[in-house]
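> Provided herewith is a single structure, encoded as structure tokens, for subsequent inquiry.
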There are 2 protein chains.
Amino acid sequence: MYIRKIPRLYNCSLEVTVEVMGGKWKPFIICYLQNGPKRPTELQKMVSGISKRVLAQQMKELEDHAIITKTVYAEVPLRTEYQLTAFGQELLPVVLMMEKWGRMYQPHLEKMRIA
Amino acid sequence: MYIRKIPRLYNCSLEVTVEVMGGKWKPFIICYLQNGPKRPTELQKMVSGISKRVLAQQMKELEDHAIITKTVYAEVPLRTEYQLTAFGQELLPVVLMMEKWGRMYQPHLEKMRIA
């Protein structure tokens with residue numbers, strides 16, 4: 001359970017979303033969980049450039065915010081899987097719209113860099 | 001014009017969007033420009049907690065990415081206004097969807113903190 005020492009007041013609901021899914025990595029993690037549960041090693045391969053430690057920290061924050069759940073299967077060796085909760089599923093349209101905008105904008109960005 | 005020294009390769013279009021609108025402040029700036037041009041002093045009042053220096057830096061990055069344009073009116077004193085470009089306008093649905101998700105999720109977040 002995630003508890004801030006000083007409760008934060010929000011002026012705008014956008015602050016809530018930026019707190020929960022903002023940053024460099026979380027949109028990717030949410031995106032890559034769209035097709036069902038994934039193991040941490042699978043996610044680390046998918047999220048380009050993330051270290052094991054940073055991934056674990058991001059997953060913990062997403063779990064504390066009830067965006068993902070962690071399931072540990074009592075196998076040898078232990079198997080851990082993460083999946084989106086209902087709240088996390090509802091973030092998918094945001095992430096997919098970001099992906100769509102990026103696809104539209106990417107040629108422009110590349111053109112700017114060549115110019 | 002924004003030019004990286006080492007051109008970046010993108011595995012996924014989401015990386016483009018995270019690069020352009022990611023971080024703590026840009027979703028707010030884009031959101032607050034939705035109803036037309038704003039002066040920097042107006043934006044600083046609207047974006048809760050941002051310093052003048054950080055706001056200027058964020059505006060410069062958004063301008064370099066062609067998300068906003070800056071217009072300086074030859075008045076005394078000089079008047080500066082920022083507004084969304086067509087690319088910036090197309091980010092508005094993303095930001096508004098983030099705002100909507102935040103409104104839905106906020107009661108849950110507040111409940112978690114009391115529990």
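So you can find residues: chains in the structure tokens are A, B, ... in the order shown, residues in each start at 1, and ligands are numbered from 1 in order.
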Identify, with DSSP run on backbone atoms, the residues in chain B assigned to alpha helix (DSSP H), and express the list as a PyMOL selection string.

chain B and resi 13-21+26-32+40-46+52-64+86-114

> Please list as a list in words every residue within 12 Å of Glu42 of chain B, counting only C-alpha atoms and excluding residues in the same chain fewer than 4 positions away.

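With the cut-off at 12 Å, the set is Ile29, Tyr32, Leu33, Gly36, Pro37, Lys38, Met46, Val47, Ser48, Ile50, Lys52, Leu55, Thr80, Glu81 and Tyr82 of chain B.
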
> May I have the residues of chain A within 8 Å of chain B, counting only C-alpha atoms, written as an NGL selection string?

:A and (1-4 or 7 or 11-18 or 22-24 or 27-28 or 48 or 65 or 87 or 90-91 or 94-95 or 97-103 or 105-106 or 109 or 112-113)

> Would you put the residues from that selection into a file with C-alpha atoms, as a PDB file, in the first residue's frame?


ATOM      1  CA  MET A   1       0.000   0.000   0.000  1.00  0.00           C
ATOM      2  CA  TYR A   2       1.343   3.363  -1.102  1.00  0.00           C
ATOM      3  CA  ILE A   3       1.037   6.158   1.450  1.00  0.00           C
ATOM      4  CA  ARG A   4       2.601   9.589   1.071  1.00  0.00           C
ATOM      5  CA  PRO A   7      -1.167  13.895   1.500  1.00  0.00           C
ATOM      6  CA  ASN A  11      -5.646  21.126  -8.519  1.00  0.00           C
ATOM      7  CA  CYS A  12      -6.432  19.166 -11.644  1.00  0.00           C
ATOM      8  CA  SER A  13      -7.132  15.475 -12.309  1.00  0.00           C
ATOM      9  CA  LEU A  14      -4.317  15.474 -14.831  1.00  0.00           C
ATOM     10  CA  GLU A  15      -1.914  15.594 -11.868  1.00  0.00           C
ATOM     11  CA  VAL A  16      -3.248  12.226 -10.719  1.00  0.00           C
ATOM     12  CA  THR A  17      -2.510  10.612 -14.081  1.00  0.00           C
ATOM     13  CA  VAL A  18       0.927  12.214 -14.411  1.00  0.00           C
ATOM     14  CA  GLY A  22       4.271   9.706 -15.853  1.00  0.00           C
ATOM     15  CA  GLY A  23       7.988   9.307 -16.329  1.00  0.00           C
ATOM     16  CA  LYS A  24      10.181   7.661 -18.872  1.00  0.00           C
ATOM     17  CA  PRO A  27       3.799   4.068 -20.624  1.00  0.00           C
ATOM     18  CA  PHE A  28       5.931   1.280 -22.152  1.00  0.00           C
ATOM     19  CA  SER A  48      14.433  -1.024 -24.433  1.00  0.00           C
ATOM     20  CA  HIS A  65      -1.001   2.378  -7.381  1.00  0.00           C
ATOM     21  CA  PHE A  87      -7.518   0.534 -13.576  1.00  0.00           C
ATOM     22  CA  GLU A  90      -8.402   1.773 -18.517  1.00  0.00           C
ATOM     23  CA  LEU A  91      -5.022   3.441 -19.093  1.00  0.00           C
ATOM     24  CA  VAL A  94      -4.321   6.639 -23.350  1.00  0.00           C
ATOM     25  CA  VAL A  95      -1.133   4.739 -24.144  1.00  0.00           C
ATOM     26  CA  MET A  97      -3.455   7.095 -28.423  1.00  0.00           C
ATOM     27  CA  MET A  98       0.069   8.234 -27.503  1.00  0.00           C
ATOM     28  CA  GLU A  99       1.464   5.495 -29.733  1.00  0.00           C
ATOM     29  CA  LYS A 100      -0.808   6.600 -32.602  1.00  0.00           C
ATOM     30  CA  TRP A 101       0.251  10.243 -32.249  1.00  0.00           C
ATOM     31  CA  GLY A 102       3.909   9.168 -32.227  1.00  0.00           C
ATOM     32  CA  ARG A 103       3.404   7.247 -35.468  1.00  0.00           C
ATOM     33  CA  TYR A 105       4.545  12.709 -35.775  1.00  0.00           C
ATOM     34  CA  GLN A 106       7.651  10.528 -36.258  1.00  0.00           C
ATOM     35  CA  LEU A 109      10.671  14.580 -36.188  1.00  0.00           C
ATOM     36  CA  MET A 112      13.547  18.101 -38.636  1.00  0.00           C
ATOM     37  CA  ARG A 113      16.724  16.264 -37.690  1.00  0.00           C
TER      38      ARG A 113
END

> Please identify which residues in chain A DSSP calls strand (DSSP E) from the backbone, and express them as a VMD selection string.

chain A and resid 68 to 73 79 to 84

> Which is closer to Ile67 of chain A than all the others in A:Lys45, A:Leu84, A:Ser51, A:Arg79, using only C-alpha atoms?

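The closest residue to Ile67 of chain A is A:Leu84.
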
> Would you mind reading off the distance between atom CA of Ile68 of chain B and atom CA of Gly49 of chain A, one decimal, in Å?

29.3 Å
